[in-house]
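Raw query34.pdb, PDB, C-alpha atoms:
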```pdb
ATOM      1  CA  MET A1290      78.231  92.136 131.097  1.00  0.00           C
ATOM      2  CA  LYS A1291      81.821  92.785 132.235  1.00  0.00           C
ATOM      3  CA  ASN A1292      83.051  92.129 128.675  1.00  0.00           C
ATOM      4  CA  ALA A1293      80.558  94.624 127.249  1.00  0.00           C
ATOM      5  CA  ALA A1294      81.684  97.296 129.717  1.00  0.00           C
ATOM      6  CA  ALA A1295      85.353  96.592 128.989  1.00  0.00           C
ATOM      7  CA  CYS A1296      84.736  96.838 125.239  1.00  0.00           C
ATOM      8  CA  ALA A1297      82.945 100.160 125.683  1.00  0.00           C
ATOM      9  CA  ILE A1298      85.880 101.551 127.671  1.00  0.00           C
ATOM     10  CA  VAL A1299      88.413 100.409 125.066  1.00  0.00           C
ATOM     11  CA  ALA A1300      86.303 101.805 122.221  1.00  0.00           C
ATOM     12  CA  ALA A1301      86.093 105.164 123.969  1.00  0.00           C
ATOM     13  CA  ALA A1302      89.842 105.224 124.711  1.00  0.00           C
ATOM     14  CA  ALA A1303      90.945 105.910 121.136  1.00  0.00           C
ATOM     15  CA  CYS A1304      88.456 107.884 119.131  1.00  0.00           C
ATOM     16  CA  VAL A1305      88.581 109.585 115.805  1.00  0.00           C
ATOM     17  CA  HIS A1306      86.404 112.610 115.352  1.00  0.00           C
ATOM     18  CA  VAL A1307      85.547 113.221 111.720  1.00  0.00           C
ATOM     19  CA  PRO A1308      85.004 116.950 111.259  1.00  0.00           C
ATOM     20  CA  GLN A1309      83.019 118.344 108.412  1.00  0.00           C
ATOM     21  CA  ILE A1310      85.461 119.108 105.643  1.00  0.00           C
ATOM     22  CA  GLN A1311      85.619 122.804 105.037  1.00  0.00           C
ATOM     23  CA  ALA A1312      86.946 124.469 101.923  1.00  0.00           C
ATOM     24  CA  GLN A1313      90.663 124.898 102.481  1.00  0.00           C
ATOM     25  CA  THR A1314      93.529 125.912 100.305  1.00  0.00           C
ATOM     26  CA  LEU A1315      96.718 123.957  99.889  1.00  0.00           C
ATOM     27  CA  PRO A1316      99.399 125.226 102.296  1.00  0.00           C
ATOM     28  CA  GLN A1317     101.952 127.512 100.612  1.00  0.00           C
ATOM     29  CA  GLU A1318     104.916 125.199 101.215  1.00  0.00           C
ATOM     30  CA  LEU A1319     103.184 122.355  99.339  1.00  0.00           C
ATOM     31  CA  ARG A1320     102.286 124.274  96.177  1.00  0.00           C
ATOM     32  CA  PRO A1321     105.603 123.868  94.309  1.00  0.00           C
ATOM     33  CA  GLY A1322     105.704 120.070  94.734  1.00  0.00           C
ATOM     34  CA  LEU A1323     101.942 119.358  94.609  1.00  0.00           C
ATOM     35  CA  PRO A1324     100.407 122.150  92.506  1.00  0.00           C
ATOM     36  CA  ALA A1325      97.304 120.158  91.505  1.00  0.00           C
ATOM     37  CA  ALA A1326      96.652 118.599  94.934  1.00  0.00           C
ATOM     38  CA  SER A1327      93.217 118.767  96.491  1.00  0.00           C
ATOM     39  CA  LEU A1328      91.824 118.050  99.923  1.00  0.00           C
ATOM     40  CA  SER A1329      90.961 114.375 100.354  1.00  0.00           C
ATOM     41  CA  GLY A1330      89.866 114.229 103.981  1.00  0.00           C
ATOM     42  CA  GLN A1331      90.363 115.264 107.584  1.00  0.00           C
ATOM     43  CA  ALA A1332      90.042 113.659 110.999  1.00  0.00           C
ATOM     44  CA  ARG A1333      90.810 114.577 114.587  1.00  0.00           C
ATOM     45  CA  PHE A1334      92.651 111.960 116.606  1.00  0.00           C
ATOM     46  CA  THR A1335      91.664 111.631 120.259  1.00  0.00           C
ATOM     47  CA  TYR A1336      93.317 109.283 122.748  1.00  0.00           C
ATOM     48  CA  TRP A1337      91.774 108.544 126.148  1.00  0.00           C
ATOM     49  CA  GLY A1338      89.625 111.654 125.777  1.00  0.00           C
ATOM     50  CA  PHE A1339      92.560 113.942 124.957  1.00  0.00           C
ATOM     51  CA  GLU A1340      92.595 115.609 121.543  1.00  0.00           C
ATOM     52  CA  VAL A1341      96.002 114.908 119.993  1.00  0.00           C
ATOM     53  CA  TYR A1342      96.020 116.285 116.445  1.00  0.00           C
ATOM     54  CA  GLN A1343      93.965 117.201 113.404  1.00  0.00           C
ATOM     55  CA  ALA A1344      95.078 115.247 110.311  1.00  0.00           C
ATOM     56  CA  THR A1345      94.553 116.584 106.786  1.00  0.00           C
ATOM     57  CA  LEU A1346      95.365 114.666 103.607  1.00  0.00           C
ATOM     58  CA  TRP A1347      96.138 116.489 100.342  1.00  0.00           C
ATOM     59  CA  VAL A1348      96.327 114.280  97.244  1.00  0.00           C
ATOM     60  CA  ALA A1349      97.438 114.579  93.631  1.00  0.00           C
ATOM     61  CA  PRO A1350      94.838 113.798  90.936  1.00  0.00           C
ATOM     62  CA  GLU A1351      96.250 110.303  90.297  1.00  0.00           C
ATOM     63  CA  PHE A1352      96.090 109.290  93.979  1.00  0.00           C
ATOM     64  CA  ALA A1353      94.537 105.897  94.779  1.00  0.00           C
ATOM     65  CA  GLY A1354      94.158 104.866  98.426  1.00  0.00           C
ATOM     66  CA  PRO A1355      94.865 101.143  97.939  1.00  0.00           C
ATOM     67  CA  ALA A1356      98.181 102.059  96.255  1.00  0.00           C
ATOM     68  CA  TYR A1357      98.969 105.223  98.240  1.00  0.00           C
ATOM     69  CA  GLU A1358     102.724 104.550  98.042  1.00  0.00           C
ATOM     70  CA  LYS A1359     102.637 105.075  94.259  1.00  0.00           C
ATOM     71  CA  SER A1360     101.324 108.661  94.334  1.00  0.00           C
ATOM     72  CA  PRO A1361     102.500 112.024  95.606  1.00  0.00           C
ATOM     73  CA  PHE A1362     100.508 113.439  98.531  1.00  0.00           C
ATOM     74  CA  ALA A1363     100.907 115.400 101.744  1.00  0.00           C
ATOM     75  CA  LEU A1364      99.695 114.565 105.231  1.00  0.00           C
ATOM     76  CA  GLU A1365      99.508 117.446 107.687  1.00  0.00           C
ATOM     77  CA  LEU A1366      99.228 116.906 111.435  1.00  0.00           C
ATOM     78  CA  ALA A1367      98.139 120.029 113.311  1.00  0.00           C
ATOM     79  CA  TYR A1368      98.945 119.305 116.942  1.00  0.00           C
ATOM     80  CA  LEU A1369      96.475 120.131 119.691  1.00  0.00           C
ATOM     81  CA  ARG A1370      98.867 119.363 122.596  1.00  0.00           C
ATOM     82  CA  ASP A1371     102.560 119.499 123.398  1.00  0.00           C
ATOM     83  CA  PHE A1372     104.793 116.558 122.456  1.00  0.00           C
ATOM     84  CA  LYS A1373     108.511 115.864 122.387  1.00  0.00           C
ATOM     85  CA  GLY A1374     109.959 115.131 118.951  1.00  0.00           C
ATOM     86  CA  ALA A1375     111.627 112.008 120.352  1.00  0.00           C
ATOM     87  CA  ASP A1376     108.242 110.711 121.512  1.00  0.00           C
ATOM     88  CA  ILE A1377     106.759 111.319 118.063  1.00  0.00           C
ATOM     89  CA  ALA A1378     109.634 109.353 116.501  1.00  0.00           C
ATOM     90  CA  ARG A1379     109.296 106.474 118.978  1.00  0.00           C
ATOM     91  CA  ARG A1380     105.519 106.226 118.492  1.00  0.00           C
ATOM     92  CA  SER A1381     105.943 106.380 114.708  1.00  0.00           C
ATOM     93  CA  ILE A1382     108.257 103.345 114.767  1.00  0.00           C
ATOM     94  CA  ALA A1383     105.783 101.426 116.958  1.00  0.00           C
ATOM     95  CA  GLU A1384     102.965 102.179 114.520  1.00  0.00           C
ATOM     96  CA  MET A1385     105.136 101.330 111.500  1.00  0.00           C
ATOM     97  CA  ARG A1386     105.694  97.868 113.043  1.00  0.00           C
ATOM     98  CA  ARG A1387     101.941  97.163 112.699  1.00  0.00           C
ATOM     99  CA  GLN A1388     102.561  96.710 108.978  1.00  0.00           C
ATOM    100  CA  ALA A1389     105.422  94.251 109.544  1.00  0.00           C
ATOM    101  CA  PRO A1390     103.452  91.141 108.499  1.00  0.00           C
ATOM    102  CA  VAL A1391     102.921  92.778 105.084  1.00  0.00           C
ATOM    103  CA  THR A1392     106.181  94.725 104.816  1.00  0.00           C
ATOM    104  CA  PRO A1393     108.843  93.520 107.262  1.00  0.00           C
ATOM    105  CA  MET A1394     111.457  95.910 108.604  1.00  0.00           C
ATOM    106  CA  SER A1395     114.743  94.901 110.166  1.00  0.00           C
ATOM    107  CA  PRO A1396     115.909  96.018 113.618  1.00  0.00           C
ATOM    108  CA  ALA A1397     118.715  97.960 111.899  1.00  0.00           C
ATOM    109  CA  GLN A1398     116.174  99.806 109.722  1.00  0.00           C
ATOM    110  CA  GLU A1399     114.027 100.593 112.769  1.00  0.00           C
ATOM    111  CA  ALA A1400     116.999 102.010 114.650  1.00  0.00           C
ATOM    112  CA  ALA A1401     118.210 104.082 111.686  1.00  0.00           C
ATOM    113  CA  TRP A1402     114.735 105.425 110.941  1.00  0.00           C
ATOM    114  CA  GLU A1403     114.033 106.322 114.564  1.00  0.00           C
ATOM    115  CA  THR A1404     117.379 108.114 114.789  1.00  0.00           C
ATOM    116  CA  ARG A1405     116.587 110.066 111.609  1.00  0.00           C
ATOM    117  CA  MET A1406     113.093 111.014 112.816  1.00  0.00           C
ATOM    118  CA  ARG A1407     114.503 112.128 116.192  1.00  0.00           C
ATOM    119  CA  ALA A1408     116.868 114.418 114.292  1.00  0.00           C
ATOM    120  CA  LEU A1409     114.072 115.766 112.070  1.00  0.00           C
ATOM    121  CA  PHE A1410     111.030 116.108 114.327  1.00  0.00           C
ATOM    122  CA  PRO A1411     111.075 119.057 116.701  1.00  0.00           C
ATOM    123  CA  ASP A1412     109.172 119.303 119.957  1.00  0.00           C
ATOM    124  CA  VAL A1413     105.694 120.584 119.116  1.00  0.00           C
ATOM    125  CA  GLY A1414     103.065 122.587 120.930  1.00  0.00           C
ATOM    126  CA  ALA A1415      99.386 123.223 120.383  1.00  0.00           C
ATOM    127  CA  GLY A1416      98.995 124.900 116.986  1.00  0.00           C
ATOM    128  CA  ASP A1417     102.218 123.529 115.471  1.00  0.00           C
ATOM    129  CA  ARG A1418     102.044 121.614 112.212  1.00  0.00           C
ATOM    130  CA  ILE A1419     104.249 118.828 110.897  1.00  0.00           C
ATOM    131  CA  THR A1420     103.587 118.006 107.261  1.00  0.00           C
ATOM    132  CA  GLY A1421     105.005 115.004 105.467  1.00  0.00           C
ATOM    133  CA  VAL A1422     105.146 114.954 101.675  1.00  0.00           C
ATOM    134  CA  HIS A1423     105.272 111.535 100.059  1.00  0.00           C
ATOM    135  CA  GLN A1424     107.545 111.314  97.019  1.00  0.00           C
ATOM    136  CA  PRO A1425     106.921 108.026  95.183  1.00  0.00           C
ATOM    137  CA  ALA A1426     109.994 105.813  94.728  1.00  0.00           C
ATOM    138  CA  THR A1427     112.090 108.408  96.609  1.00  0.00           C
ATOM    139  CA  GLY A1428     110.965 108.897 100.212  1.00  0.00           C
ATOM    140  CA  ALA A1429     109.466 111.663 102.320  1.00  0.00           C
ATOM    141  CA  VAL A1430     110.082 115.353 102.949  1.00  0.00           C
ATOM    142  CA  PHE A1431     109.003 116.953 106.234  1.00  0.00           C
ATOM    143  CA  TRP A1432     107.966 120.512 107.078  1.00  0.00           C
ATOM    144  CA  HIS A1433     107.333 122.204 110.442  1.00  0.00           C
ATOM    145  CA  ASN A1434     105.021 125.231 110.345  1.00  0.00           C
ATOM    146  CA  GLY A1435     105.982 125.853 106.711  1.00  0.00           C
ATOM    147  CA  ARG A1436     109.732 125.498 107.333  1.00  0.00           C
ATOM    148  CA  LEU A1437     111.617 122.654 105.670  1.00  0.00           C
ATOM    149  CA  LEU A1438     112.929 120.112 108.214  1.00  0.00           C
ATOM    150  CA  GLY A1439     114.568 117.636 105.858  1.00  0.00           C
ATOM    151  CA  GLU A1440     113.950 114.338 104.166  1.00  0.00           C
ATOM    152  CA  VAL A1441     114.262 110.597 104.482  1.00  0.00           C
ATOM    153  CA  ARG A1442     115.330 109.204 101.115  1.00  0.00           C
ATOM    154  CA  ASP A1443     113.948 105.696 101.459  1.00  0.00           C
ATOM    155  CA  PRO A1444     110.780 104.520  99.685  1.00  0.00           C
ATOM    156  CA  LEU A1445     110.194 101.731 102.235  1.00  0.00           C
ATOM    157  CA  PHE A1446     110.373 104.214 105.098  1.00  0.00           C
ATOM    158  CA  ALA A1447     107.855 106.465 103.307  1.00  0.00           C
ATOM    159  CA  LYS A1448     105.466 103.578 102.623  1.00  0.00           C
ATOM    160  CA  LEU A1449     105.503 102.419 106.248  1.00  0.00           C
ATOM    161  CA  PHE A1450     105.480 105.909 107.765  1.00  0.00           C
ATOM    162  CA  PHE A1451     102.467 107.102 105.785  1.00  0.00           C
ATOM    163  CA  GLY A1452     100.935 103.654 106.249  1.00  0.00           C
ATOM    164  CA  ILE A1453     100.440 104.655 109.889  1.00  0.00           C
ATOM    165  CA  TRP A1454      97.393 106.542 108.568  1.00  0.00           C
ATOM    166  CA  LEU A1455      96.750 105.111 105.091  1.00  0.00           C
ATOM    167  CA  SER A1456      97.556 101.391 105.222  1.00  0.00           C
ATOM    168  CA  PRO A1457      94.797  98.804 105.714  1.00  0.00           C
ATOM    169  CA  GLN A1458      96.894  97.676 108.728  1.00  0.00           C
ATOM    170  CA  THR A1459      96.513 101.069 110.465  1.00  0.00           C
ATOM    171  CA  SER A1460      95.558 101.061 114.133  1.00  0.00           C
ATOM    172  CA  GLU A1461      92.929 103.705 113.274  1.00  0.00           C
ATOM    173  CA  PRO A1462      90.743 102.437 110.402  1.00  0.00           C
ATOM    174  CA  GLN A1463      88.102 105.111 111.039  1.00  0.00           C
ATOM    175  CA  MET A1464      90.744 107.804 110.571  1.00  0.00           C
ATOM    176  CA  ARG A1465      91.912 106.134 107.373  1.00  0.00           C
ATOM    177  CA  ARG A1466      88.350 106.189 106.005  1.00  0.00           C
ATOM    178  CA  ALA A1467      87.977 109.866 106.926  1.00  0.00           C
ATOM    179  CA  LEU A1468      91.287 110.824 105.303  1.00  0.00           C
ATOM    180  CA  LEU A1469      90.348 108.947 102.125  1.00  0.00           C
ATOM    181  CA  ALA A1470      86.797 110.374 102.133  1.00  0.00           C
ATOM    182  CA  ARG A1471      87.106 112.329  98.924  1.00  0.00           C
ATOM    183  CA  GLU A1472      89.397 109.975  97.081  1.00  0.00           C
ATOM    184  CA  LYS A1473      88.725 110.300  93.369  1.00  0.00           C
ATOM    185  CA  SER A1474      89.658 106.730  92.515  1.00  0.00           C
ATOM    186  CA  PRO A1475      87.120 104.040  93.474  1.00  0.00           C
ATOM    187  CA  THR A1476      88.266 101.266  95.782  1.00  0.00           C
ATOM    188  CA  PRO A1477      88.673  98.025  93.816  1.00  0.00           C
ATOM    189  CA  ALA A1478      86.198  95.247  94.601  1.00  0.00           C
ATOM    190  CA  GLY A1479      87.369  93.172  97.538  1.00  0.00           C
ATOM    191  CA  ALA A1480      89.859  95.798  98.780  1.00  0.00           C
ATOM    192  CA  ALA A1481      89.582  97.343 102.228  1.00  0.00           C
ATOM    193  CA  PRO A1482      88.178 100.899 101.995  1.00  0.00           C
TER     194      PRO A1482
END
```

Please express what this file holds, its structure, as structure tokens.
Amino acid sequence: MKNAAACAIVAAAACVHVPQIQAQTLPQELRPGLPAASLSGQARFTYWGFEVYQATLWVAPEFAGPAYEKSPFALELAYLRDFKGADIARRSIAEMRRQAPVTPMSPAQEAAWETRMRALFPDVGAGDRITGVHQPATGAVFWHNGRLLGEVRDPLFAKLFFGIWLSPQTSEPQMRRALLAREKSPTPAGAAP
């Protein structure tokens, strides 16, 4: 009985709310680089009952979830609370480590990437948006409320960073399913959805 209660508490601690997808248009800043992108999915991330952000995934026509690192796409996080940019960077590195058994990263890479994200990511408040654009074989470009922040020119960084939400090793598989909800490419047999 104690185990059942403990499991219920843990399950309630990190929740993903899957909102109904509403017709939305591609944000202006994404149109030059992703002119044919369409909305794939959305999810609201909640942690210990606190709403953290609304995630929206925009994908190019050739996008395939199991090989997300091979396609251009954009992931927008619309924050629902205030956070320090340094905390976002630190948490991103921790989540990127979850993929280490599949794609190892060295301590030097971790340190360099966290330093770069600390320089890029501003403090955010409720209503702010940080959008990452994945550029296959190149890296990632980041925007804050439609203003260019900068880029990280490293394909491995981009794969692991966006893997926080899109990798089968994500800590939030329900969010991954919601973001990939309208994926045009079918999931291959035997692959994790």

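For the choices A:Gly1439, A:Gly1416, A:Pro1462, A:Gly1428, the atom-to-atom distance to A:Tyr1342 is smallest for A:Gly1416 when using only C-alpha atoms.
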
- Query: So what do you get for atom CA of A:Gln1463 versus atom CA of A:Phe1334, distance-wise?
  - Reply: 9.9 Å

Counting all atoms listed in the file, which residues come within 8 Å of (98.4, 118.4, 120.9), with the point read in the file's coordinates, and could you list them as a PDB file with C-alpha atoms, keeping the file's coordinate frame?
```pdb
ATOM      1  CA  GLU A1340      92.595 115.609 121.543  1.00  0.00           C
ATOM      2  CA  VAL A1341      96.002 114.908 119.993  1.00  0.00           C
ATOM      3  CA  TYR A1342      96.020 116.285 116.445  1.00  0.00           C
ATOM      4  CA  ALA A1367      98.139 120.029 113.311  1.00  0.00           C
ATOM      5  CA  TYR A1368      98.945 119.305 116.942  1.00  0.00           C
ATOM      6  CA  LEU A1369      96.475 120.131 119.691  1.00  0.00           C
ATOM      7  CA  ARG A1370      98.867 119.363 122.596  1.00  0.00           C
ATOM      8  CA  ASP A1371     102.560 119.499 123.398  1.00  0.00           C
ATOM      9  CA  PHE A1372     104.793 116.558 122.456  1.00  0.00           C
ATOM     10  CA  VAL A1413     105.694 120.584 119.116  1.00  0.00           C
ATOM     11  CA  GLY A1414     103.065 122.587 120.930  1.00  0.00           C
ATOM     12  CA  ALA A1415      99.386 123.223 120.383  1.00  0.00           C
ATOM     13  CA  GLY A1416      98.995 124.900 116.986  1.00  0.00           C
TER      14      GLY A1416
END
```

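Minimum atom-to-atom distances from A:Gln1398, A:Ser1456, A:Ser1381, A:Thr1420 to A:Trp1347 were compared using only C-alpha atoms, and the lowest value belongs to A:Thr1420.
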
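Using only C-alpha atoms, the shortest contact distance between A:Pro1457 and any of A:Met1406, A:Pro1444, A:Tyr1357, A:Asn1434 is found at A:Tyr1357.
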
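What the PyMOL selection byres ((chain A and resi 1374) around 9) matches in the given file is Phe1372, Lys1373, Ala1375, Asp1376, Ile1377, Ala1378, Arg1379, Met1406, Arg1407, Ala1408, Leu1409, Phe1410, Pro1411, Asp1412 and Val1413 of chain A.
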
Preceding selection exported with C-alpha atoms as a tab-separated table (two decimals), keeping the file's coordinate frame:
```tsv
chain	number	residue	atom	x	y	z
A	1372	PHE	CA	104.79	116.56	122.46
A	1373	LYS	CA	108.51	115.86	122.39
A	1375	ALA	CA	111.63	112.01	120.35
A	1376	ASP	CA	108.24	110.71	121.51
A	1377	ILE	CA	106.76	111.32	118.06
A	1378	ALA	CA	109.63	109.35	116.50
A	1379	ARG	CA	109.30	106.47	118.98
A	1406	MET	CA	113.09	111.01	112.82
A	1407	ARG	CA	114.50	112.13	116.19
A	1408	ALA	CA	116.87	114.42	114.29
A	1409	LEU	CA	114.07	115.77	112.07
A	1410	PHE	CA	111.03	116.11	114.33
A	1411	PRO	CA	111.08	119.06	116.70
A	1412	ASP	CA	109.17	119.30	119.96
A	1413	VAL	CA	105.69	120.58	119.12
```

- Quick one: everything within 9 Å of A:Val1430, counting only C-alpha atoms, minus sequence neighbours fewer than 2 positions away in the same chain. Send it as a ChimeraX atom specification. /A:1420-1424,1428,1432,1437-1442

Need the neighbours of (98.5, 116.5, 94.5): which residues are at most 7 Å away, counting only C-alpha atoms, as a PDB file with C-alpha atoms, in the frame of the given file?
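Full text of out32.pdb as output:
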```pdb
ATOM      1  CA  LEU A1323     101.942 119.358  94.609  1.00  0.00           C
ATOM      2  CA  PRO A1324     100.407 122.150  92.506  1.00  0.00           C
ATOM      3  CA  ALA A1325      97.304 120.158  91.505  1.00  0.00           C
ATOM      4  CA  ALA A1326      96.652 118.599  94.934  1.00  0.00           C
ATOM      5  CA  SER A1327      93.217 118.767  96.491  1.00  0.00           C
ATOM      6  CA  TRP A1347      96.138 116.489 100.342  1.00  0.00           C
ATOM      7  CA  VAL A1348      96.327 114.280  97.244  1.00  0.00           C
ATOM      8  CA  ALA A1349      97.438 114.579  93.631  1.00  0.00           C
ATOM      9  CA  PRO A1350      94.838 113.798  90.936  1.00  0.00           C
ATOM     10  CA  PRO A1361     102.500 112.024  95.606  1.00  0.00           C
ATOM     11  CA  PHE A1362     100.508 113.439  98.531  1.00  0.00           C
TER      12      PHE A1362
END
```

Which centre and which edge lengths, in Å to one decimal, describe the axis-aligned box that holds all listed atoms of stretch 1409-1420 of chain A after 5 Å is added on each side, as lines of an AutoDock Vina configuration file?
```
center_x = 106.5
center_y = 120.3
center_z = 114.1
size_x = 25.1
size_y = 19.1
size_z = 23.7
```

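Nearest residue to A:Ala1400 among A:His1433, A:Ile1382, A:Asp1417, A:Ala1332 is A:Ile1382, counting all atoms listed in the file.
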
- Apply the PyMOL selection byres ((chain A and resi 1344) around 12) to the structure shown and report the selected residues as a PyMOL selection string. chain A and resi 1305-1308+1310+1328-1335+1340-1343+1345-1347+1363-1369+1418-1421+1451+1453-1455+1464-1465+1467-1469

- Message: Here is a test: counting all atoms listed in the file, which residue of A:Pro1393, A:Gly1322, A:Gly1354, A:Pro1316 is nearest to A:Leu1449?
- Response: A:Pro1393

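Atom CA of A:Arg1436 is positioned 29.1 Å from atom CA of A:Ser1460.
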
Missing atoms in stretch 1460-1472 of chain A: can you complete it with N, CA, C and O atoms, as a short mmCIF file (atom, residue, chain, number, x, y, z; two decimals), in the coordinates of the input?
```cif
data_model
loop_
_atom_site.label_atom_id
_atom_site.label_comp_id
_atom_site.auth_asym_id
_atom_site.auth_seq_id
_atom_site.Cartn_x
_atom_site.Cartn_y
_atom_site.Cartn_z
N SER A 1460 96.24 101.28 112.86
CA SER A 1460 95.56 101.06 114.13
C SER A 1460 94.29 101.91 114.23
O SER A 1460 93.52 101.74 115.16
N GLU A 1461 94.08 102.80 113.27
CA GLU A 1461 92.93 103.70 113.27
C GLU A 1461 92.18 103.65 111.94
O GLU A 1461 92.24 104.58 111.13
N PRO A 1462 91.44 102.56 111.69
CA PRO A 1462 90.74 102.44 110.40
C PRO A 1462 89.71 103.53 110.16
O PRO A 1462 89.48 103.94 109.02
N GLN A 1463 89.08 104.04 111.21
CA GLN A 1463 88.10 105.11 111.04
C GLN A 1463 88.80 106.38 110.54
O GLN A 1463 88.27 107.10 109.68
N MET A 1464 89.99 106.65 111.04
CA MET A 1464 90.74 107.80 110.57
C MET A 1464 91.13 107.61 109.11
O MET A 1464 91.04 108.54 108.31
N ARG A 1465 91.55 106.42 108.76
CA ARG A 1465 91.91 106.13 107.37
C ARG A 1465 90.73 106.42 106.44
O ARG A 1465 90.88 107.08 105.42
N ARG A 1466 89.55 105.94 106.83
CA ARG A 1466 88.35 106.19 106.00
C ARG A 1466 88.08 107.69 105.88
O ARG A 1466 87.73 108.17 104.80
N ALA A 1467 88.22 108.43 106.96
CA ALA A 1467 87.98 109.87 106.93
C ALA A 1467 89.00 110.58 106.04
O ALA A 1467 88.64 111.49 105.29
N LEU A 1468 90.26 110.19 106.12
CA LEU A 1468 91.29 110.82 105.30
C LEU A 1468 91.09 110.52 103.82
O LEU A 1468 91.41 111.34 102.97
N LEU A 1469 90.58 109.34 103.53
CA LEU A 1469 90.35 108.95 102.12
C LEU A 1469 88.94 109.28 101.66
O LEU A 1469 88.51 108.84 100.59
N ALA A 1470 88.22 110.09 102.40
CA ALA A 1470 86.80 110.37 102.13
C ALA A 1470 86.52 110.89 100.73
O ALA A 1470 85.53 110.49 100.12
N ARG A 1471 87.36 111.74 100.25
CA ARG A 1471 87.11 112.33 98.92
C ARG A 1471 88.03 111.80 97.85
O ARG A 1471 88.28 112.47 96.86
N GLU A 1472 88.51 110.60 98.07
CA GLU A 1472 89.40 109.98 97.08
C GLU A 1472 88.67 109.89 95.76
O GLU A 1472 87.52 109.46 95.67
#
```
